[in-house]
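Please read the structure below before turning to the comments.
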Amino acid sequence: MSGTFVGMPAFPEAAREAVGNETLRGNLRHATHTIRAKRAKAVTEVSDWAELREAGKRIKDHTLRHLDRYLEQLEESVTAAGGIVHWAADAAEANEIVTRLVKMTGESEVVKVKSMATQEIGLNEALQAAGIHAYETDLAELIVQLGKDRPSHILVPAIHRNRGEIRDIFVREMSEWGRPAPEGLTDTPAELAEAARLHLREKFLRAKVGISGANFMVAETGTLVVVESEGNGRMCLTLPETLISVVGIEKIVPTWQDLEVFLQTLPRSSTAERMNPYTSTWTGTTDGDGPSTFHLVLLDNGRTDTLADEVGRQALRCIRCSACLNVCPVYERAGGHAYGSVYPGPIGAILSPQLRGTGSEIDASLPYASSLCGACYEVCPVAIDIPEVLVHLRERVVEGGEVTREGNKVVLRPAKGHAAERAAMRAARWAFTHPGALRTGQRAASRTRRFHPRTLPGPGKAWSGTRELPPVPAEPFRDWWQRTRGGKDGAK
Amino acid sequence: MNSRERILGRVRRALADKPADEAPIARDYLREHGRRTVAETVELLAENLADYRAIVHRTDSAGLPGLIAGLLEKRGSASVLVPPGLDEGWLAATGVTRVADRAGSTPHELDRVDSVVTACAVAIAETGTIVLDGSPDQGRRRITLVPDHHVCVVRVPGQVVSSVPQGLERLDPARPLTWISGPSATSDIELDRVEGVHGPRTLEVILVAED
């Protein structure tokens with residue numbers, strides 16, 4: 001079973017530890033730089049990227065504005081095509097529904113396509129507790145599962161592992177789960193991929209229940225879309241008799257035609273390919289081809305709360321491409337685990353505190369896990385203004401205010417950790433509205449500057465731990481002005 | 001109140017501040033990228049397929065049976081899966097054991113077959129993609145998934161479109177679709193692409209000129 005994110009420390013502590021890990025930094029640097037250059041090339045290939053990006057943003061905004069209508073339409077079309085639709089307000093309900101559906105089949109194991117939604121709700125752990133083994137089949141997810149590790153990237157959850165570490169995990173763990181790693185396995189990626197193929201093959205061929213997410217759901221036709229590379233998705237979507245898809249309610253697009261935008265922008269943004277190797281689409285069930293029973297579990301779990309925030313709701317446009325992670329200077333150095341969520345990186349820093357609220361230490365610290373450089377916004381294929389949402393969430397953490405939690409409006413109190421910041425701001429406001437006091441204070445600061453400490457005491461200590469304190473000039477600006485140029489006019 | 005009503009209610013309350021958005025989406029992106037002759041579009045398809053490590057062959061309908069027989073022989077295949085509606089002439093020149101896909105075929109049985117030969121529904125040049133839609137000459141999704149060697153025949157130029165938007169226009173969403181762009185691959189080890197994971201590791205695409 002994979003590790004969980006429960007009880008994570010705030011981002012600064014987790015990041016400090018990660019930054020000290022040289023292997024991790026090397027792995028991340030190599031991977032993110034590889035994909036960055038490739039993505040830029042894949043995007044330049046299409047001359048109308050800006051128009052595709054704008055259309056993607058508009059389609060998602062329009063869908064979110066009429067989400068109730070499109071959800072109802074989707075339910076109707078999926079049902080008409082032979083699927084069964086379930087609604088889950090939160091993680092516990094979704095897990096309960098899926099567990100019940102698996103038990104109804106009488107099976108005690110399932111194969112899984114990589115799915116962010118099922119990670120978000122901790123489905124594997126819930127199934128395990130009910131005596132059902134869930135096998136991850138995406139290569140990176142397999143590495144994470146076998147390594148009893150946590151995912152650190154949206155697209156490549158094992159990005160923090162290099163080939164040598166992956167080899168060691170395979171050799172050590174595969175026999176525990178099924179077919180052991182081949183004798184003499186080396187660390188070449190092709191051999192590692194072959195080992196995963198052999199290990200998972202027996203599971204695919206005997207699987208009776210598959211569990212997936214989806215990249216898109218088309219309201220007008222009831223079609224679900226899974227975009228993948230390895231073929232593990234095709235295995236899970238077509239060989240089992242029962243398919244259960246758990247999908248966030250924001251994954252809807254209104255029409256079949258809308259896919260023409262996202263099927264161009266998603267592969268280029270995520271794996272930097274013109275097109276990913278495999279895309280599967282299915283509409284309900286088809287006689288004699290693929291699963292005979294299809295369940296769709298529509299998941300809220302904080303999405304409607306996010307939708308209620310007029311600035312933050314744009315995060316729901318996300319198509320999970322991970323381009324923002326790959327360009328982020330903070331992600332590159334801190335790695336995905338420091339974000340304490342299955343959604344790391346810039347998108348995670350705005351999504352997790354909205355889906356989960358800013359109540360925990362880690363969630364309240366996430367809006368600060370950014371230098372606000374804006375690279376994430378620039379590469380986002382649906383133009384989510386991540387810096388704007390980060391600043392908005394920082395304000396919410398510091399000032400508190402009205403937010404929606406589980407459908408109810410609640411008033412957040414200002415966060416505790418920011419008392420010093422608020423006190424400093426209040427003091428500044430008072431000083432700037434009292435010129436006499438400001439002048440006296442500035443002069444006093446100049447005269448005592450030899451005795452100023454290099455770091456701040458008390459609550460300011462953490463701030464000055466990584467920054468230089470600005471030196472106080474020998475003379476305040478106003479005094480200097482009066483003494484030199486200002487003084488020439490013979491002012492009093 | 002059940003969860004359906006609860007979620008829909010939350011959505012409606014969440015959106016109370018926003019005016020309805022019924023303006024049509026501006027689709028001022030391109031229907032295809034660049035201007036090409038029909039022959040150039042087919043050429044681009046071949047290039048992009050090969051770029052993602054599909055093996056591309058070109059022939060005409062007279063040469064097709066011989067080419068397929070040669071590919072199966074070169075591969076050393078002892079058996080080949082045949083979709084129910086495949087043009088019988090395509091396999092006329094090969095003596096390899098034909099395996100029909102029966103409703104009762106188990107995945108384990110399919111795993112013992114060496115190759116599969118199918119037609120396709122449409123091919124997209126700009127992305128090097130072939131799309132299968134489960135028609136009788138392509139068969140169920142599983143037959144092009146489990147065997148390790150897939151030979152796919154594309155009729156050119158009739159089945160070739162330039163772009164993703166044009167491809168979607170030709171496809172029926174009610175059918176189960178599989179879009180294939182090269183053999184299976186992964187970028188999961190250090191974000192570097194490696195070909196050959198769970199799907200067929202060898203994809204051969206035959207572009208057959210229509211008479």
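Residue numbering restarts at 1 in every chain; chains get A, B, ... in the order shown in the structure tokens, and ligands count up from 1 in that same order.
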Within 7 Å of chain A: each chain B residue with its shortest pair, only C-alpha atoms, as a tab-separated table:
residue	atom	partner	partner_atom	distance
B:Ser3	CA	A:Ala89	CA	5.8
B:Arg4	CA	A:Trp87	CA	5.4
B:Ile7	CA	A:Ala89	CA	6.3
B:Leu8	CA	A:Asp68	CA	5.6
B:Arg10	CA	A:Gly407	CA	5.4
B:Val11	CA	A:Thr304	CA	5.6
B:Arg12	CA	A:Asp68	CA	6.7
B:Ala14	CA	A:Ala308	CA	4.0
B:Leu15	CA	A:Ala308	CA	6.3
B:Ala20	CA	A:Arg65	CA	6.9
B:Asp21	CA	A:His62	CA	6.0
B:Ile25	CA	A:Arg58	CA	6.4
B:Ala26	CA	A:Ala55	CA	6.5
B:Arg27	CA	A:Ala55	CA	6.3
B:Asp28	CA	A:Glu51	CA	6.3
B:Tyr29	CA	A:Glu51	CA	5.1
B:Leu30	CA	A:Asp48	CA	6.5
B:His33	CA	A:Val46	CA	7.0
B:Ala103	CA	A:Gly288	CA	6.5
B:Pro107	CA	A:Leu205	CA	5.4
B:His108	CA	A:Leu205	CA	6.0
B:Thr127	CA	A:Arg274	CA	5.2
B:Arg140	CA	A:Asp289	CA	5.3
B:Arg141	CA	A:Asp289	CA	6.6
B:Arg142	CA	A:Thr238	CA	6.3
B:Val164	CA	A:Glu260	CA	5.9
B:Pro165	CA	A:Glu260	CA	4.9
B:Leu168	CA	A:Glu260	CA	6.9
B:Pro173	CA	A:Thr223	CA	6.8
B:Ala174	CA	A:Thr283	CA	5.7
B:Arg175	CA	A:Trp282	CA	6.8
B:Pro176	CA	A:Trp282	CA	4.6
B:Leu177	CA	A:Thr281	CA	5.1
B:Thr178	CA	A:Ser280	CA	4.8
B:Trp179	CA	A:Thr279	CA	4.9
B:Ile180	CA	A:Tyr278	CA	4.9
B:Ser181	CA	A:Pro277	CA	4.4
B:Gly182	CA	A:Pro277	CA	5.7
B:Pro183	CA	A:Pro277	CA	6.6
B:Ser184	CA	A:Glu230	CA	4.9
B:Ala185	CA	A:Glu230	CA	5.0
B:Thr186	CA	A:Glu230	CA	5.5
B:Asp188	CA	A:Ala140	CA	5.4
B:Ile189	CA	A:Pro189	CA	6.4
B:Glu190	CA	A:Ala31	CA	5.1
B:Leu191	CA	A:Ala31	CA	5.3
B:Val194	CA	A:Ala190	CA	6.2
B:Val197	CA	A:Glu230	CA	5.4
B:His198	CA	A:Gly231	CA	4.9
B:Gly199	CA	A:Gly231	CA	4.6
Practice task
as an MDAnalysis selection string, please: all residues of region 113-200 of chain B that backbone DSSP puts in strand (DSSP E or B).
Solution key: chainID B and resid 115:118 122:124 129:132 149:156 160:161 177:180 185:189 192:195
Practice task
Enumerate as a PyMOL selection string all residues of region 125-233 of chain A assigned to helix (DSSP H, G or I) by DSSP on the backbone, naming them with the chain letters and numbers the document uses.
Solution key: chain A and resi 125-129+139-146+163-177+189-206+232-233
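Closest approach to Ala80 (chain A) among A:Val113, A:Cys324, A:Val382, A:Glu220: A:Glu220, based on only C-alpha atoms.
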Practice task
Fewer than 4 positions away in the same chain doesn't count, so skip those; otherwise give me all residues within 7 Å of Leu390 (chain A), counting only C-alpha atoms, as a ChimeraX atom specification.
Solution key: /A:350,367,386,394
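In this model, the gap between CA of Glu210 (chain B) and CA of Ala62 (chain B) comes to 10.1 Å.
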Practice task
Name the residues in contact with Ala121 (chain B) at a cut-off of 8 Å, using only C-alpha atoms, excluding same-chain residues fewer than 2 positions from it; report them as number ranges by chain.
Solution key: B: 119, 123, 130-133, 135, 159, 171
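Atom pair CA of Ser270 (chain A) / CA of Glu47 (chain B) has a distance of 22.2 Å (rounded to one decimal).
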Practice task
List the neighbours of region 416-418 of chain A out to 10 Å using only C-alpha atoms; skip same-chain residues closer than 5 positions along the sequence, and give me the result as number ranges by chain.
Solution key: A: 361, 364-365, 397-399, 423-424, 459
Practice task
For each of A:Cys376, A:Arg405, A:Gly340, A:Gly178, take the minimum atom-to-atom distance to Cys328 (chain A), counting only C-alpha atoms, then give the residue where this is smallest.
Solution key: A:Cys376
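Near Gly89 (chain B), within 12 Å and counting only C-alpha atoms, sit Ser61, Ala62, Gly63, Leu64, Pro65, Gly66, Ile68, Ala69 and Thr94 of chain B; same-chain residues fewer than 5 positions away were not included.
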Fill in the blank from the handout: The residue from A:Asn124, A:Thr440, A:Asn95, A:Ser322 with the smallest atom-to-atom distance to Val110 (chain A), counting only C-alpha atoms, is A:Asn124
Handout entry: Polymer residues at most 10 Å from Ile143 (chain B), only C-alpha atoms, same-chain spacing of 6 or more positions, as a list in words
Key = Leu81, Val82, Pro83, Ala100, Asp101, Ser105, Pro107, Leu110, Asp111, Val113, Ser115, Val116, Val117, Thr118 and His150 of chain B
